[in-house]
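What follows is structure19.txt (compact mmCIF, C-alpha atoms).
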```txt
# COMPACT_ATOMS: atom_id res chain seq x y z
CA MET A 1 -18.15 5.28 42.77
CA SER A 2 -17.40 1.57 42.65
CA HIS A 3 -20.20 -0.44 41.12
CA SER A 4 -20.93 -3.66 39.29
CA ILE A 5 -23.50 -4.58 36.66
CA GLU A 6 -25.66 -7.68 36.83
CA ALA A 7 -28.56 -9.14 34.91
CA GLY A 8 -32.03 -8.87 36.42
CA ILE A 9 -33.13 -7.30 39.68
CA ARG A 10 -32.53 -9.03 43.01
CA LEU A 11 -35.64 -9.76 45.07
CA GLU A 12 -34.48 -7.42 47.83
CA HIS A 13 -34.04 -4.64 45.27
CA ILE A 14 -37.60 -4.68 43.88
CA THR A 15 -38.87 -2.06 46.33
CA PRO A 16 -36.02 0.42 45.79
CA ALA A 17 -36.20 -0.19 42.03
CA VAL A 18 -39.88 0.78 42.03
CA GLN A 19 -39.13 3.83 44.18
CA PHE A 20 -36.32 4.95 41.84
CA PHE A 21 -38.61 4.38 38.83
CA TRP A 22 -41.31 6.56 40.34
CA GLU A 23 -38.82 9.29 41.27
CA ALA A 24 -37.61 9.33 37.66
CA PHE A 25 -40.97 9.17 35.88
CA HIS A 26 -43.60 10.59 38.24
CA TYR A 27 -43.59 13.91 36.40
CA LYS A 28 -44.54 12.13 33.18
CA LEU A 29 -46.83 9.45 34.63
CA GLY A 30 -48.16 11.04 37.80
CA SER A 31 -51.41 12.29 36.26
CA THR A 32 -52.17 8.78 35.05
CA LEU A 33 -50.71 6.38 37.63
CA GLY A 34 -51.01 8.53 40.76
CA PRO A 35 -51.47 8.68 43.67
CA PRO A 36 -47.91 7.54 44.48
CA ASP A 37 -48.83 4.67 46.79
CA LYS A 38 -51.13 3.09 44.21
CA ALA A 39 -48.63 3.74 41.42
CA GLN A 40 -45.91 1.90 43.31
CA ASP A 41 -48.28 -0.94 44.18
CA PHE A 42 -49.14 -1.30 40.50
CA LEU A 43 -45.52 -1.14 39.35
CA THR A 44 -44.46 -3.72 41.93
CA SER A 45 -47.09 -6.10 40.59
CA VAL A 46 -46.18 -5.77 36.89
CA ILE A 47 -42.42 -5.39 36.55
CA THR A 48 -40.52 -8.39 35.21
CA PRO A 49 -37.02 -8.46 36.78
CA GLU A 50 -35.58 -10.67 34.02
CA PHE A 51 -36.05 -7.83 31.54
CA ALA A 52 -33.78 -5.47 33.44
CA ILE A 53 -30.13 -4.83 34.25
CA SER A 54 -29.01 -3.54 37.65
CA ALA A 55 -26.12 -1.44 38.88
CA ILE A 56 -25.00 -2.42 42.41
CA ASP A 57 -22.55 -0.70 44.73
CA ALA A 58 -19.78 -2.41 46.71
CA ASP A 59 -22.10 -2.89 49.70
CA GLY A 60 -24.80 -4.56 47.60
CA ALA A 61 -27.15 -1.58 47.43
CA LEU A 62 -29.06 -0.82 44.23
CA LEU A 63 -27.80 2.22 42.32
CA GLY A 64 -29.87 2.08 39.14
CA VAL A 65 -31.74 -0.03 36.64
CA ALA A 66 -32.13 -0.18 32.87
CA GLY A 67 -35.25 -1.99 31.71
CA PHE A 68 -35.76 -3.33 28.21
CA LYS A 69 -38.40 -4.78 25.93
CA THR A 70 -38.17 -7.35 23.16
CA GLU A 71 -40.73 -9.39 21.27
CA THR A 72 -40.67 -11.91 24.13
CA GLY A 73 -41.44 -9.58 27.04
CA SER A 74 -40.84 -6.26 28.78
CA PHE A 75 -39.63 -4.77 32.05
CA VAL A 76 -42.88 -2.91 32.75
CA GLY A 77 -45.86 -4.91 31.57
CA GLY A 78 -49.33 -5.30 32.95
CA THR A 79 -52.83 -5.74 31.61
CA LEU A 80 -56.12 -3.96 32.07
CA ARG A 81 -56.94 -6.49 34.78
CA ASP A 82 -53.73 -5.56 36.61
CA LEU A 83 -54.69 -1.89 36.52
CA GLN A 84 -58.22 -2.60 37.70
CA SER A 85 -56.97 -4.72 40.59
CA VAL A 86 -55.18 -1.62 41.95
CA TYR A 87 -57.36 1.28 40.76
CA GLY A 88 -60.80 -0.30 40.50
CA LEU A 89 -62.99 -0.98 37.48
CA TRP A 90 -63.37 2.57 36.12
CA GLY A 91 -60.01 3.84 37.41
CA GLY A 92 -58.22 0.98 35.71
CA LEU A 93 -60.16 1.43 32.47
CA TRP A 94 -59.37 5.09 31.86
CA ARG A 95 -55.76 4.62 32.94
CA GLY A 96 -55.39 1.72 30.52
CA LEU A 97 -56.79 3.75 27.65
CA THR A 98 -54.53 6.69 28.47
CA LEU A 99 -51.36 4.60 28.85
CA SER A 100 -52.03 2.85 25.53
CA ILE A 101 -51.10 6.14 23.85
CA LEU A 102 -47.52 5.67 25.09
CA GLU A 103 -47.30 2.00 24.11
CA ARG A 104 -44.32 1.23 21.87
CA ASP A 105 -44.03 -1.90 19.77
CA THR A 106 -40.74 -3.60 18.99
CA LYS A 107 -39.43 -5.01 15.76
CA GLY A 108 -37.64 -8.34 15.58
CA SER A 109 -34.26 -6.71 14.98
CA GLU A 110 -34.25 -4.32 17.92
CA LEU A 111 -34.15 -4.09 21.69
CA LEU A 112 -36.26 -1.27 23.11
CA MET A 113 -34.95 0.38 26.25
CA ASP A 114 -37.92 0.42 28.64
CA GLY A 115 -36.73 3.02 31.12
CA ILE A 116 -33.35 3.81 32.68
CA PHE A 117 -33.07 5.38 36.12
CA VAL A 118 -30.35 5.99 38.68
CA SER A 119 -30.70 6.82 42.38
CA GLU A 120 -30.26 10.50 43.13
CA SER A 121 -27.13 9.86 45.20
CA ALA A 122 -25.44 8.01 42.32
CA ARG A 123 -26.14 10.44 39.49
CA GLY A 124 -23.21 11.95 37.61
CA GLN A 125 -20.88 9.10 38.56
CA GLY A 126 -20.96 6.97 35.42
CA VAL A 127 -23.74 4.60 36.47
CA GLY A 128 -26.06 5.59 33.61
CA GLN A 129 -23.23 5.16 31.10
CA ALA A 130 -22.45 1.71 32.48
CA LEU A 131 -26.12 0.68 32.23
CA LEU A 132 -26.28 1.90 28.62
CA HIS A 133 -23.21 -0.17 27.78
CA ALA A 134 -24.84 -3.20 29.42
CA ILE A 135 -28.01 -2.66 27.38
CA VAL A 136 -25.95 -2.71 24.18
CA GLN A 137 -24.25 -5.91 25.32
CA GLU A 138 -27.67 -7.45 26.04
CA ALA A 139 -28.81 -6.62 22.50
CA GLN A 140 -25.64 -8.17 21.10
CA LYS A 141 -26.18 -11.37 23.10
CA ARG A 142 -29.64 -11.59 21.54
CA ASP A 143 -28.20 -11.06 18.02
CA LEU A 144 -30.20 -7.86 17.52
CA ALA A 145 -29.22 -5.04 15.18
CA TYR A 146 -30.42 -1.94 17.06
CA VAL A 147 -31.16 -0.48 20.46
CA ARG A 148 -34.03 2.01 20.40
CA LEU A 149 -35.22 4.45 23.04
CA ASP A 150 -37.47 7.48 23.41
CA VAL A 151 -36.52 10.59 25.35
CA ILE A 152 -38.90 13.44 26.19
CA ASP A 153 -38.19 17.11 25.60
CA THR A 154 -38.18 17.89 29.33
CA ASN A 155 -35.10 15.69 29.83
CA PRO A 156 -32.35 17.31 27.73
CA ARG A 157 -29.55 15.92 29.94
CA ALA A 158 -30.61 12.37 29.14
CA LYS A 159 -30.69 13.17 25.43
CA GLN A 160 -27.15 14.58 25.63
CA LEU A 161 -25.99 11.39 27.37
CA TYR A 162 -27.52 9.23 24.63
CA GLU A 163 -25.94 11.39 21.90
CA ARG A 164 -22.49 11.13 23.51
CA PHE A 165 -22.93 7.38 23.71
CA GLY A 166 -23.70 7.17 19.99
CA PHE A 167 -27.50 7.20 19.71
CA ARG A 168 -28.89 9.12 16.73
CA THR A 169 -32.27 10.79 16.33
CA THR A 170 -34.59 9.01 13.91
CA LYS A 171 -37.97 10.60 14.65
CA ASN A 172 -39.68 13.34 16.63
CA ARG A 173 -43.25 13.00 17.82
CA ARG A 174 -45.39 15.83 19.17
CA LEU A 175 -48.15 15.06 21.66
CA GLY A 176 -50.44 18.00 20.88
CA PRO A 177 -53.23 18.37 23.47
CA LEU A 178 -52.03 15.22 25.26
CA ARG A 179 -49.13 17.27 26.61
CA HIS A 180 -51.47 18.44 29.37
CA ILE A 181 -51.79 14.84 30.60
CA PHE A 182 -48.19 13.66 30.26
CA LYS A 183 -46.44 17.00 30.97
CA PHE A 184 -44.17 16.96 27.93
CA ARG A 185 -44.63 18.35 24.41
CA SER A 186 -42.62 15.96 22.29
CA ALA A 187 -40.61 12.75 22.35
CA THR A 188 -37.53 11.94 20.32
CA THR A 189 -36.88 8.41 19.09
CA MET A 190 -33.18 7.54 19.04
CA THR A 191 -31.41 4.42 17.81
CA PHE A 192 -28.00 2.87 18.30
CA LYS A 193 -26.78 0.58 15.53
CA LEU A 194 -24.81 -2.41 16.74
CA THR A 195 -21.56 -3.25 14.98
CA ALA A 196 -18.62 -5.53 15.66
CA GLN A 197 -16.82 -2.53 17.14
CA ASN A 198 -19.48 -2.17 19.85
CA ALA A 199 -18.70 -5.62 21.25
```

Target format structure tokens, applied to this file:
Amino acid sequence: MSHSIEAGIRLEHITPAVQFFWEAFHYKLGSTLGPPDKAQDFLTSVITPEFAISAIDADGALLGVAGFKTETGSFVGGTLRDLQSVYGLWGGLWRGLTLSILERDTKGSELLMDGIFVSESARGQGVGQALLHAIVQEAQKRDLAYVRLDVIDTNPRAKQLYERFGFRTTKNRRLGPLRHIFKFRSATTMTFKLTAQNA
């Protein structure tokens, strides 16, 4: 499949980007951010297109997105007030407390990948690999030393892709009883060290 990579997300691609995000992560986040219509309303209100990279086909349609987070901002942000504006006072409060468990901080030397997702029709055609390469290039442009990501145990195909690309496991984290909320038992932290050869 012919595709190109570009920085950010075009305005006309926000809606499909949110839909692709929800398709990719509803299993993990559905218990917290559902129902789907409210989840997509919330995501639309809090994503920051500048902290993302898009894959576009020859006709200009969105194929996939890789979001990222640095010390200056993140692809998927939002505050308690943002949650409460969509889910109400109590609904926003308990969702905020629950989501804080998944919050990941960044260090000054690293770029954190904040979600990567590809449309169902484009999977298996090199789009994910191209987005990963673009994420590494973004980290290099920012003079960072590492790219870090987390992958859950229910997504072994993604982990295999990251390993083939050169990511290495640095930590495993078990959720314990919280697995009943997020629908996965453990998450693996993986890092990719940038070198001159990656350029």

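Nearest residue to Ala24 of chain A among A:Asp82, A:Glu103, A:Glu120, A:Asp153 is A:Glu120, counting only C-alpha atoms.
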
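Here atom CA of Ala145 of chain A stands at a distance of 8.2 Å from atom CA of Leu111 of chain A.
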
TODO: Mind giving me the straight-line distance from atom CA of Phe25 of chain A to atom CA of Glu71 of chain A in Å, one decimal?
DONE: 23.6 Å

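If only C-alpha atoms are the atoms counted, then among A:Ile14, A:Val118, A:Ile101, A:Met113 the closest residue to Val65 of chain A is A:Val118.
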
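Residue nearest Gly67 of chain A, chosen from A:Gly176, A:Phe117, A:Thr106, A:Tyr87 and counting all atoms listed in the file: A:Phe117.
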
Task: Pick from A:Gly166, A:Pro49, A:Pro16, A:Gly73, whichever lies nearest to Lys193 of chain A using only C-alpha atoms - done: A:Gly166

Open item on the list: Just to confirm, what's the straight-line distance from atom CA of Gly60 of chain A to atom CA of Ile9 of chain A in Å (one decimal)?
Closed with: 11.8 Å

Open item on the list: So that I can see what lies close to Gly91 of chain A, please list as a ChimeraX atom specification the residues with an atom at most 12 Å from it, counting only C-alpha atoms and leaving out residues fewer than 4 positions away in the same chain.
Closed with: /A:32-35,38,80-87,95-98

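Near Gln125 of chain A, within a cut-off of 10 Å and counting only C-alpha atoms, sit the residues Met1, Ser2, His3, Val118, Ser121, Ala122, Gly128, Gln129 and Ala130 of chain A, with same-chain residues fewer than 3 positions away left out.
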
- [ ] Kindly provide, as a PyMOL selection string, the polymer residues lying within 8 Å of (-23.3, -9.1, 14.8), counting all atoms listed in the file and using the coordinates exactly as they appear in the file.
- [x] chain A and resi 140+143-145+194-196

- [ ] Tell me which protein, DNA and RNA residues are within 10 Å of Gly115 of chain A, counting only C-alpha atoms, leaving out same-chain ones fewer than 6 positions away, and put them as a PyMOL selection string.
- [x] chain A and resi 21+24-25+52+65-69+75-76+149-151

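Shortest atom-to-atom contact with Ala187 of chain A among A:Leu161, A:Val127, A:Leu102, A:Leu11: A:Leu102, counting all atoms listed in the file.
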
- [ ] Using all atoms listed in the file, give me every residue within 7 Å of (-30.2, 1.7, 40.5) in file coordinates, as a ChimeraX atom specification.
- [x] /A:17,54-56,62-65,117-119

Calculate, to one decimal in Å, the centre and edge lengths of the box along x, y and z of the file that holds all listed atoms of segment 27-32 of chain A with 6 Å of margin on each side, and present them as lines of an AutoDock Vina configuration file.
```
center_x = -47.9
center_y = 11.3
center_z = 35.5
size_x = 20.6
size_y = 17.1
size_z = 16.6
```

Task: Residue nearest Asp37 of chain A - candidates A:Arg104, A:Lys183, A:Val18, A:Val147, atoms counted: only C-alpha atoms - done: A:Val18

Open item on the list: I want to know what sits within 10 Å of Tyr162 of chain A, based on all atoms listed in the file, with residues of the same chain fewer than 3 positions away left out; could you give that as a PyMOL selection string?
Closed with: chain A and resi 128-129+132+149+151+156-159+165-169+190-192
